[in-house]
Amino acid sequence: MKKKEFKSSSKKVLDLMINSIYTNKEIFLRELISNASDALDKLSFAASKDANLNVNSQDLQISIEVDKDAKTISITDNGIGMDEKELDENLGTIAQSGSLKFKEENPNGKDTDIIGQFGVGFYSAFMVAKKVEVYSKKINAEDAYVWSSEGIDGYTIQKCQREKNGTTIKLYLKDDTEDEKYSDFLEEYTIRTIIKKYSDYIKYPIKMEVENSRLKEGSENEYETYKEITTLNSMTPIWKKDKKDITQEEYNNFYTSKFMDYEKPLKTIHYSAEGLSSYKALLFIPSHAPYDFYYKEYKKGLELYTNGVLIMEKCEQLLPDYYSFVKGVVDTDDLSLNISRETLQNDKHVINIGKALETKIHASLLSILKDDFESYKKFFKEFGNQIKFGIYGSYGVNKDKVSDLLIFYSSKKKDFITLKEYIDSMASDQKEIYYACGETTAKIDMLPQVEQIKNKDYDILYLTDYADEFTLGALNAFEEKNFKNVCDSSLDLDTKEEKEALKKENDDNKKMLEKMNEILGKDVSEVRITNKLKNHPVCLTSEGVMSTQMQKVLNSMPNSENAKAKLILEINETHPILNKLKMLYKDSKEDFEKYTKILYSEAKLIEGLSIDNPTEISNLICELLAK
């Protein structure tokens, strides 16, 4: 018997195939089961063309046999089998695909469903085996053959005894080492786990003899062991069933068990698509965020299958970051079983599927917003920050894709509304979308700066989340209406006459205001008199891009560089405190300075900013009160 060399390989290339493509050794079982499924598909297809083959589809199956003493594991199918030439061509040439050739010869994809490539995948067996034997007999052939290799020097092919058609792949496992326990693959639990993970939806039964225990007949507490053949896979994935045949309870049960959630999903999305990319998708929008959702360790992605065989647990390319909370599976026959993670990133089918899924998710979220707003508010509380990230992340390139999913608290409605709802309810003379920031809606409602807007009967969006203002900043405008912070110093709602009167008031008190600015130093860029306030004595406004809320957010982050908003102290022109300041400026420079510091500190407290020297301010207040 002469040993043959691999036709397009060497030990180095073989090692490269095994170690580069498959880093997870358990994948070998997935590959060999997929090859067995292909062989069954080929026989089923052949039988559909030739009635003389007399194949009963109910008999087609895959079986797994373990011999712990010999340290072997065998995968057997009763499929089409291979003759000597096919063994030589398919297994003697690395990356030679018998399945690919079969597809090319039978281009009608409706007739058969080939999921593997009998070539590279087969060689994953050498990750765990020191020797591999393939026993095969082709349908209606007289002779059977065994292909044998230790994966280094080459392979041999010779005749063997085998009565029925099909193939058995027998793996002689490597010896255990400190780093690898190859004997684990002989354990029933390990095999069950791998099949459940990767091959649960192979459409043929995967059977194995297992050991069970039962009470001995006539005994109350004595057990005996027995062996029975059991099916390890469920075969039919729920996403391949017709939607009309699936209850919501079945969807919920699949979701909670598959994705380890204790609550049912908020929304189920189940559909099929054909065209440039054909696939089936079963997606779920969770009702709450997982505990690790906002941690760096959290990984987004959908389970990606090719014809029921898992090829990636978390395919990140199928989801944009702002929909990273979505769970689910995608099954397509447009991908090779052996596709690498790097290839997936640029695969046109994956890209097309990802775009279609994004559109479908967006439409589903809009339907919840429209039809069940209470549920949408709960969803937004859990995942709203991720939607907002879609606005300001990546320099705002995706902002138009999700802006209609945003909701904010309305000062007039006392509930959340969309930006479209805000626009539709705007007064005819209103030019901008007004918003205010703070820790809670109650605190924002008490801000001095909101008074003027409320007096105009304009609505105000109350922003309480750290990401809100960054989100609106990235949007810049919605339906050609610009966003305006009510605490922005450039806010202008005055008539021409009001502007002139206010300018005169500031000009008349220019020296006093400059002195206050001098007392406060770099803490403020300007002190001025305002007509924005109704009852409040003072307020702080900001000038430029950074607001006081942004300042707080940025300074709360690790390694912050002490961000500082450009602040302006504004004094109410109608409040008695202004007259008091004017009097003190003339009669008591010392008390004037004390009042200035106290008013500035009050304005900071209103904005939720900390006071640099609270002890000094406390002493000043007590001193003035004691007079």
# chains A, B, ... in the order shown; residues from 1 in each chain; ligands from 1
>>> residues_around(residues="Ile191 in chain A", least_positions_apart="4", cutoff="10 Å", atoms="only C-alpha atoms", output="ChimeraX atom specification")
/A:26,29,64,66,184-187,195-197,208,232
>>> write_last_selection(atoms="C-alpha atoms", output="PDB file, in the first residue's frame")
ATOM      1  CA  GLU A  26     -14.611  22.080  19.498  1.00  0.00           C
ATOM      2  CA  LEU A  29     -17.539  18.306  15.522  1.00  0.00           C
ATOM      3  CA  ILE A  64     -22.003   9.450  16.922  1.00  0.00           C
ATOM      4  CA  VAL A  66     -17.585   6.955  21.400  1.00  0.00           C
ATOM      5  CA  ASP A 184     -13.210  15.675  27.257  1.00  0.00           C
ATOM      6  CA  PHE A 185     -14.549  15.233  23.730  1.00  0.00           C
ATOM      7  CA  LEU A 186     -15.417  11.644  24.632  1.00  0.00           C
ATOM      8  CA  GLU A 187     -17.846  12.750  27.335  1.00  0.00           C
ATOM      9  CA  ILE A 195     -24.171  19.890  19.197  1.00  0.00           C
ATOM     10  CA  LYS A 196     -26.669  22.077  21.047  1.00  0.00           C
ATOM     11  CA  LYS A 197     -24.436  25.077  20.411  1.00  0.00           C
ATOM     12  CA  MET A 208     -25.968   8.610  20.046  1.00  0.00           C
ATOM     13  CA  LEU A 232     -29.214  15.014  20.411  1.00  0.00           C
TER      14      LEU A 232
END
>>> atom_distance(atom1="CA of Asn562 in chain A", atom2="CA of Thr441 in chain A")
26.4 Å
>>> residues_around(residues="Asp200 in chain A", least_positions_apart="5", cutoff="12 Å", atoms="only C-alpha atoms", output="list of chain:residue names")
A:Arg30, A:Ile33, A:Ser34, A:Ile191, A:Arg192, A:Thr193, A:Ile194, A:Ile195, A:Pro205, A:Ile206, A:Lys207, A:Thr231, A:Leu232, A:Asn233, A:Ser234, A:Met235, A:Thr236, A:Pro237, A:Ile238, A:Tyr305, A:Asn307, A:Gly308, A:Val309, A:Leu310
>>> residues_around(residues="Thr418 in chain A", least_positions_apart="2", cutoff="12 Å", atoms="only C-alpha atoms", output="compact mmCIF listing (two decimals) with N, CA, C and O atoms, in the first residue's frame")
# COMPACT_ATOMS: atom_id res chain seq x y z
N LEU A 366 -40.42 52.22 15.74
CA LEU A 366 -41.40 53.26 15.45
C LEU A 366 -42.83 52.76 15.69
O LEU A 366 -43.69 53.52 16.15
N LEU A 369 -43.45 52.94 19.35
CA LEU A 369 -43.62 54.35 19.73
C LEU A 369 -45.03 54.83 19.39
O LEU A 369 -45.68 55.54 20.17
N LYS A 370 -45.51 54.43 18.22
CA LYS A 370 -46.82 54.89 17.75
C LYS A 370 -47.97 54.17 18.43
O LYS A 370 -48.97 54.79 18.82
N PHE A 373 -47.12 53.68 23.44
CA PHE A 373 -46.15 54.68 23.90
C PHE A 373 -45.67 54.40 25.32
O PHE A 373 -44.52 54.69 25.65
N TYR A 376 -42.98 52.08 25.00
CA TYR A 376 -41.81 52.72 24.38
C TYR A 376 -41.05 53.56 25.40
O TYR A 376 -39.82 53.61 25.38
N LYS A 377 -41.78 54.21 26.30
CA LYS A 377 -41.10 55.00 27.34
C LYS A 377 -40.23 54.10 28.22
O LYS A 377 -39.12 54.48 28.62
N PHE A 380 -37.22 53.23 26.19
CA PHE A 380 -36.28 54.35 26.06
C PHE A 380 -35.52 54.59 27.36
O PHE A 380 -34.36 55.02 27.35
N VAL A 402 -31.87 57.84 13.24
CA VAL A 402 -32.57 57.51 14.49
C VAL A 402 -33.16 58.71 15.20
O VAL A 402 -33.70 58.58 16.30
N SER A 403 -33.09 59.89 14.60
CA SER A 403 -33.58 61.09 15.28
C SER A 403 -35.08 61.01 15.57
O SER A 403 -35.57 61.60 16.54
N ASP A 404 -35.82 60.28 14.73
CA ASP A 404 -37.27 60.17 14.96
C ASP A 404 -37.60 59.20 16.09
O ASP A 404 -38.77 59.04 16.45
N LEU A 405 -36.58 58.55 16.67
CA LEU A 405 -36.80 57.65 17.80
C LEU A 405 -36.59 58.35 19.14
O LEU A 405 -36.87 57.78 20.20
N LEU A 406 -36.10 59.58 19.11
CA LEU A 406 -35.83 60.31 20.35
C LEU A 406 -37.11 60.81 21.00
O LEU A 406 -38.05 61.22 20.33
N ILE A 407 -37.13 60.76 22.34
CA ILE A 407 -38.23 61.37 23.08
C ILE A 407 -37.64 62.16 24.26
O ILE A 407 -36.62 61.76 24.83
N PHE A 408 -38.28 63.29 24.59
CA PHE A 408 -37.83 64.14 25.70
C PHE A 408 -39.05 64.62 26.48
O PHE A 408 -40.17 64.67 25.94
N TYR A 409 -38.81 65.00 27.71
CA TYR A 409 -39.90 65.46 28.58
C TYR A 409 -40.33 66.86 28.18
O TYR A 409 -39.52 67.77 28.02
N SER A 410 -41.64 67.04 28.06
CA SER A 410 -42.21 68.32 27.64
C SER A 410 -42.72 69.10 28.85
O SER A 410 -43.46 68.57 29.67
N LYS A 413 -46.71 69.40 28.18
CA LYS A 413 -47.48 68.15 28.22
C LYS A 413 -47.28 67.38 29.51
O LYS A 413 -48.08 66.53 29.88
N ASP A 415 -45.13 65.17 29.99
CA ASP A 415 -44.86 63.79 29.58
C ASP A 415 -43.84 63.84 28.44
O ASP A 415 -43.49 64.92 27.96
N PHE A 416 -43.40 62.66 28.03
CA PHE A 416 -42.41 62.61 26.96
C PHE A 416 -43.09 62.80 25.60
O PHE A 416 -44.22 62.36 25.38
N LYS A 420 -40.86 65.48 16.57
CA LYS A 420 -41.91 65.80 15.58
C LYS A 420 -43.14 66.37 16.28
O LYS A 420 -43.75 67.34 15.79
N GLU A 421 -43.49 65.80 17.41
CA GLU A 421 -44.63 66.32 18.17
C GLU A 421 -44.36 67.75 18.64
O GLU A 421 -45.26 68.60 18.66
N TYR A 422 -43.13 68.02 19.05
CA TYR A 422 -42.77 69.37 19.50
C TYR A 422 -42.96 70.36 18.35
O TYR A 422 -43.57 71.42 18.51
N ILE A 423 -42.42 69.99 17.19
CA ILE A 423 -42.51 70.87 16.01
C ILE A 423 -43.98 71.13 15.65
O ILE A 423 -44.38 72.28 15.37
N ASP A 424 -44.78 70.07 15.67
CA ASP A 424 -46.19 70.21 15.26
C ASP A 424 -46.99 71.10 16.20
O ASP A 424 -48.01 71.68 15.79
N SER A 425 -46.54 71.21 17.46
CA SER A 425 -47.30 72.01 18.42
C SER A 425 -46.69 73.41 18.65
O SER A 425 -47.15 74.15 19.51
N LEU A 461 -38.16 71.50 26.28
CA LEU A 461 -37.74 70.12 26.49
C LEU A 461 -36.82 70.07 27.71
O LEU A 461 -35.82 70.79 27.75
N PHE A 478 -33.78 70.24 13.82
CA PHE A 478 -34.73 69.21 13.44
C PHE A 478 -35.82 69.87 12.62
O PHE A 478 -36.44 70.84 13.06
>>> select_by_dssp(residues="range 450-587 of chain A", states="strand (DSSP E or B)", output="CSV table (one decimal) with all heavy atoms, in the first residue's frame")
chain,number,residue,atom,x,y,z
A,460,ILE,N,-40.9,73.7,26.4
A,460,ILE,CA,-39.5,73.5,26.7
A,460,ILE,C,-39.2,72.0,26.9
A,460,ILE,O,-39.9,71.3,27.6
A,460,ILE,CB,-39.0,74.2,28.0
A,460,ILE,CG1,-39.4,75.7,27.9
A,460,ILE,CG2,-37.5,74.1,28.2
A,460,ILE,CD1,-39.2,76.5,29.2
A,461,LEU,N,-38.2,71.5,26.3
A,461,LEU,CA,-37.7,70.1,26.5
A,461,LEU,C,-36.8,70.1,27.7
A,461,LEU,O,-35.8,70.8,27.8
A,461,LEU,CB,-37.0,69.6,25.3
A,461,LEU,CG,-37.8,69.5,24.0
A,461,LEU,CD1,-36.9,69.0,22.8
A,461,LEU,CD2,-39.0,68.6,24.1
A,462,TYR,N,-37.2,69.3,28.7
A,462,TYR,CA,-36.4,69.1,29.9
A,462,TYR,C,-35.4,67.9,29.7
A,462,TYR,O,-35.8,66.8,29.6
A,462,TYR,CB,-37.3,68.9,31.1
A,462,TYR,CG,-38.0,70.1,31.6
A,462,TYR,CD1,-38.9,70.1,32.6
A,462,TYR,CD2,-37.9,71.4,30.9
A,462,TYR,CE1,-39.6,71.2,33.0
A,462,TYR,CE2,-38.6,72.5,31.3
A,462,TYR,CZ,-39.5,72.4,32.4
A,462,TYR,OH,-40.1,73.5,32.8
A,463,LEU,N,-34.1,68.3,29.7
A,463,LEU,CA,-33.1,67.2,29.5
A,463,LEU,C,-32.5,66.8,30.9
A,463,LEU,O,-31.9,67.7,31.5
A,463,LEU,CB,-32.0,67.7,28.6
A,463,LEU,CG,-32.5,68.4,27.3
A,463,LEU,CD1,-31.3,68.7,26.4
A,463,LEU,CD2,-33.5,67.5,26.5
A,477,ALA,N,-30.3,70.7,14.5
A,477,ALA,CA,-31.6,71.2,14.1
A,477,ALA,C,-32.5,70.0,13.8
A,477,ALA,O,-32.0,68.9,13.5
A,477,ALA,CB,-31.5,72.1,12.9
A,478,PHE,N,-33.8,70.2,13.8
A,478,PHE,CA,-34.7,69.2,13.4
A,478,PHE,C,-35.8,69.9,12.6
A,478,PHE,O,-36.4,70.8,13.1
A,478,PHE,CB,-35.3,68.5,14.7
A,478,PHE,CG,-36.2,67.3,14.4
A,478,PHE,CD1,-35.6,66.1,14.1
A,478,PHE,CD2,-37.6,67.5,14.3
A,478,PHE,CE1,-36.4,65.0,13.8
A,478,PHE,CE2,-38.4,66.4,14.0
A,478,PHE,CZ,-37.8,65.1,13.8
A,481,LYS,N,-35.6,73.6,12.3
A,481,LYS,CA,-35.7,74.4,13.5
A,481,LYS,C,-34.5,74.1,14.4
A,481,LYS,O,-34.2,73.0,14.8
A,481,LYS,CB,-37.0,74.0,14.3
A,481,LYS,CG,-38.2,74.3,13.6
A,481,LYS,CD,-38.5,75.8,13.5
A,481,LYS,CE,-39.8,76.1,12.9
A,481,LYS,NZ,-40.1,77.6,12.8
A,482,ASN,N,-33.7,75.2,14.8
A,482,ASN,CA,-32.5,75.0,15.6
A,482,ASN,C,-32.9,74.8,17.0
A,482,ASN,O,-33.9,75.3,17.5
A,482,ASN,CB,-31.6,76.3,15.5
A,482,ASN,CG,-31.0,76.4,14.1
A,482,ASN,OD1,-30.7,75.4,13.4
A,482,ASN,ND2,-30.9,77.6,13.6
A,483,PHE,N,-32.0,74.1,17.7
A,483,PHE,CA,-32.2,73.9,19.2
A,483,PHE,C,-31.6,75.1,19.9
A,483,PHE,O,-30.5,75.6,19.6
A,483,PHE,CB,-31.5,72.6,19.6
A,483,PHE,CG,-32.2,71.4,19.1
A,483,PHE,CD1,-31.6,70.7,18.0
A,483,PHE,CD2,-33.3,70.9,19.6
A,483,PHE,CE1,-32.2,69.6,17.4
A,483,PHE,CE2,-34.0,69.8,19.1
A,483,PHE,CZ,-33.4,69.1,18.0
A,484,LYS,N,-32.2,75.5,21.0
A,484,LYS,CA,-31.7,76.6,21.8
A,484,LYS,C,-31.8,76.3,23.3
A,484,LYS,O,-32.9,76.1,23.8
A,484,LYS,CB,-32.5,77.9,21.5
A,484,LYS,CG,-31.9,79.2,22.0
A,484,LYS,CD,-30.6,79.5,21.2
A,484,LYS,CE,-30.0,80.8,21.6
A,484,LYS,NZ,-28.7,81.1,20.8
A,485,ASN,N,-30.7,76.4,24.0
A,485,ASN,CA,-30.7,76.2,25.4
A,485,ASN,C,-31.2,77.5,26.1
A,485,ASN,O,-30.7,78.6,25.8
A,485,ASN,CB,-29.2,76.0,25.9
A,485,ASN,CG,-29.1,75.5,27.3
A,485,ASN,OD1,-30.0,75.8,28.1
A,485,ASN,ND2,-28.0,74.9,27.7
A,488,ASP,N,-28.7,79.8,27.5
A,488,ASP,CA,-27.7,80.4,26.6
A,488,ASP,C,-27.8,81.9,26.7
A,488,ASP,O,-28.9,82.5,26.6
A,488,ASP,CB,-27.9,79.9,25.1
A,488,ASP,CG,-26.7,80.2,24.2
A,488,ASP,OD1,-26.2,81.3,24.3
A,488,ASP,OD2,-26.4,79.3,23.4
A,526,GLU,N,-18.6,87.9,32.3
A,526,GLU,CA,-19.3,89.2,32.2
A,526,GLU,C,-20.4,89.2,33.3
A,526,GLU,O,-20.9,88.1,33.7
A,526,GLU,CB,-20.0,89.3,30.9
A,526,GLU,CG,-20.7,90.7,30.7
A,526,GLU,CD,-21.4,90.8,29.3
A,526,GLU,OE1,-21.2,89.9,28.5
A,526,GLU,OE2,-22.1,91.8,29.1
A,527,VAL,N,-20.7,90.4,33.8
A,527,VAL,CA,-21.9,90.6,34.7
A,527,VAL,C,-22.8,91.6,34.0
A,527,VAL,O,-22.3,92.6,33.6
A,527,VAL,CB,-21.5,91.1,36.1
A,527,VAL,CG1,-22.7,91.3,37.0
A,527,VAL,CG2,-20.5,90.1,36.8
A,528,ARG,N,-24.1,91.3,33.9
A,528,ARG,CA,-25.0,92.2,33.3
A,528,ARG,C,-26.4,92.1,33.8
A,528,ARG,O,-26.7,91.2,34.5
A,528,ARG,CB,-25.0,92.0,31.8
A,528,ARG,CG,-25.6,90.6,31.3
A,528,ARG,CD,-25.3,90.4,29.8
A,528,ARG,NE,-25.9,89.2,29.3
A,528,ARG,CZ,-25.5,88.6,28.2
A,528,ARG,NH1,-24.6,89.1,27.5
A,528,ARG,NH2,-26.1,87.5,27.8
A,529,ILE,N,-27.1,93.2,33.5
A,529,ILE,CA,-28.5,93.2,33.9
A,529,ILE,C,-29.4,92.6,32.9
A,529,ILE,O,-29.1,92.8,31.7
A,529,ILE,CB,-28.9,94.7,34.2
A,529,ILE,CG1,-28.1,95.3,35.3
A,529,ILE,CG2,-30.4,94.8,34.6
A,529,ILE,CD1,-28.2,96.8,35.4
A,530,THR,N,-30.4,91.9,33.3
A,530,THR,CA,-31.3,91.1,32.3
A,530,THR,C,-32.7,91.4,32.6
A,530,THR,O,-33.1,91.8,33.7
A,530,THR,CB,-31.0,89.6,32.4
A,530,THR,OG1,-31.7,89.0,31.4
A,530,THR,CG2,-31.4,89.1,33.8
A,538,VAL,N,-31.2,86.4,40.4
A,538,VAL,CA,-30.0,86.2,39.5
A,538,VAL,C,-30.1,84.9,38.8
A,538,VAL,O,-30.9,84.0,39.2
A,538,VAL,CB,-28.7,86.3,40.3
A,538,VAL,CG1,-28.4,87.7,40.8
A,538,VAL,CG2,-28.7,85.2,41.4
A,539,CYS,N,-29.3,84.7,37.8
A,539,CYS,CA,-29.1,83.5,37.1
A,539,CYS,C,-27.7,83.4,36.4
A,539,CYS,O,-27.1,84.5,36.2
A,539,CYS,CB,-30.2,83.2,36.1
A,539,CYS,SG,-30.1,84.2,34.6
A,540,LEU,N,-27.3,82.3,36.1
A,540,LEU,CA,-26.1,82.1,35.3
A,540,LEU,C,-26.5,81.7,33.9
A,540,LEU,O,-27.3,80.8,33.7
A,540,LEU,CB,-25.2,81.1,35.9
A,540,LEU,CG,-24.3,81.5,37.1
A,540,LEU,CD1,-23.5,80.3,37.6
A,540,LEU,CD2,-23.4,82.6,36.7
A,541,THR,N,-25.9,82.3,32.9
A,541,THR,CA,-26.0,81.8,31.5
A,541,THR,C,-24.7,81.5,31.0
A,541,THR,O,-23.6,81.9,31.6
A,541,THR,CB,-26.7,82.9,30.6
A,541,THR,OG1,-26.0,84.1,30.7
A,541,THR,CG2,-28.2,83.1,31.1
A,542,SER,N,-24.6,80.7,29.9
A,542,SER,CA,-23.3,80.4,29.3
A,542,SER,C,-23.2,81.0,27.9
A,542,SER,O,-24.2,81.2,27.2
A,542,SER,CB,-23.2,78.8,29.3
A,542,SER,OG,-24.2,78.3,28.5
A,543,GLU,N,-21.9,81.1,27.6
A,543,GLU,CA,-21.6,81.7,26.3
A,543,GLU,C,-20.8,80.7,25.5
A,543,GLU,O,-19.8,80.2,26.0
A,543,GLU,CB,-20.9,83.1,26.4
A,543,GLU,CG,-20.7,83.8,25.1
A,543,GLU,CD,-20.1,85.2,25.4
A,543,GLU,OE1,-19.2,85.3,26.3
A,543,GLU,OE2,-20.4,86.1,24.7
A,566,LYS,N,-18.1,79.1,29.8
A,566,LYS,CA,-17.9,80.6,29.9
A,566,LYS,C,-19.2,81.2,30.4
A,566,LYS,O,-20.2,81.3,29.8
A,566,LYS,CB,-17.6,81.1,28.5
A,566,LYS,CG,-17.1,82.6,28.4
A,566,LYS,CD,-16.7,83.0,27.0
A,566,LYS,CE,-16.1,84.4,27.0
A,566,LYS,NZ,-15.8,84.8,25.6
A,567,LEU,N,-19.1,81.6,31.7
A,567,LEU,CA,-20.3,82.0,32.4
A,567,LEU,C,-20.6,83.5,32.5
A,567,LEU,O,-19.6,84.3,32.5
A,567,LEU,CB,-20.2,81.4,33.9
A,567,LEU,CG,-20.1,79.9,34.1
A,567,LEU,CD1,-20.0,79.6,35.5
A,567,LEU,CD2,-21.3,79.2,33.4
A,568,ILE,N,-21.8,83.8,32.5
A,568,ILE,CA,-22.3,85.2,32.6
A,568,ILE,C,-23.3,85.3,33.8
A,568,ILE,O,-24.2,84.5,33.8
A,568,ILE,CB,-22.9,85.7,31.3
A,568,ILE,CG1,-21.9,85.7,30.2
A,568,ILE,CG2,-23.5,87.1,31.5
A,568,ILE,CD1,-22.5,86.0,28.8
A,569,LEU,N,-23.0,86.2,34.7
A,569,LEU,CA,-23.9,86.4,35.8
A,569,LEU,C,-24.9,87.5,35.4
A,569,LEU,O,-24.5,88.6,35.0
A,569,LEU,CB,-23.1,86.9,37.1
A,569,LEU,CG,-24.0,87.2,38.3
A,569,LEU,CD1,-24.7,85.9,38.8
A,569,LEU,CD2,-23.1,87.8,39.4
A,570,GLU,N,-26.2,87.1,35.4
A,570,GLU,CA,-27.2,88.1,35.0
A,570,GLU,C,-28.1,88.4,36.2
A,570,GLU,O,-28.5,87.6,37.0
A,570,GLU,CB,-28.1,87.5,33.9
A,570,GLU,CG,-27.3,87.1,32.7
A,570,GLU,CD,-28.1,86.9,31.4
A,570,GLU,OE1,-29.3,87.4,31.4
A,570,GLU,OE2,-27.6,86.4,30.4
A,571,ILE,N,-28.4,89.7,36.4
A,571,ILE,CA,-29.2,90.3,37.5
A,571,ILE,C,-30.5,90.8,37.0
A,571,ILE,O,-30.6,91.5,36.1
A,571,ILE,CB,-28.4,91.4,38.2
A,571,ILE,CG1,-27.0,90.9,38.6
A,571,ILE,CG2,-29.1,91.9,39.5
A,571,ILE,CD1,-26.0,92.0,39.0
A,572,ASN,N,-31.6,90.4,37.7
A,572,ASN,CA,-32.9,90.8,37.3
A,572,ASN,C,-33.1,92.3,37.5
A,572,ASN,O,-33.0,92.8,38.6
A,572,ASN,CB,-33.9,90.0,38.2
A,572,ASN,CG,-35.4,90.2,37.8
A,572,ASN,OD1,-35.7,91.1,37.0
A,572,ASN,ND2,-36.3,89.4,38.4
>>> residues_around(residues="range 172-174 of chain A", least_positions_apart="2", cutoff="7 Å", atoms="only C-alpha atoms", output="list in words")
Lys71, Thr72, Ile73, Val128, Ala129, Lys130, Lys131, Val132, Lys170, Asp176 and Tyr182 of chain A
>>> closest_residue(among="A:Lys2, A:His536, A:Tyr600, A:Thr464", to="Gly521 in chain A", atoms="only C-alpha atoms")
A:Tyr600
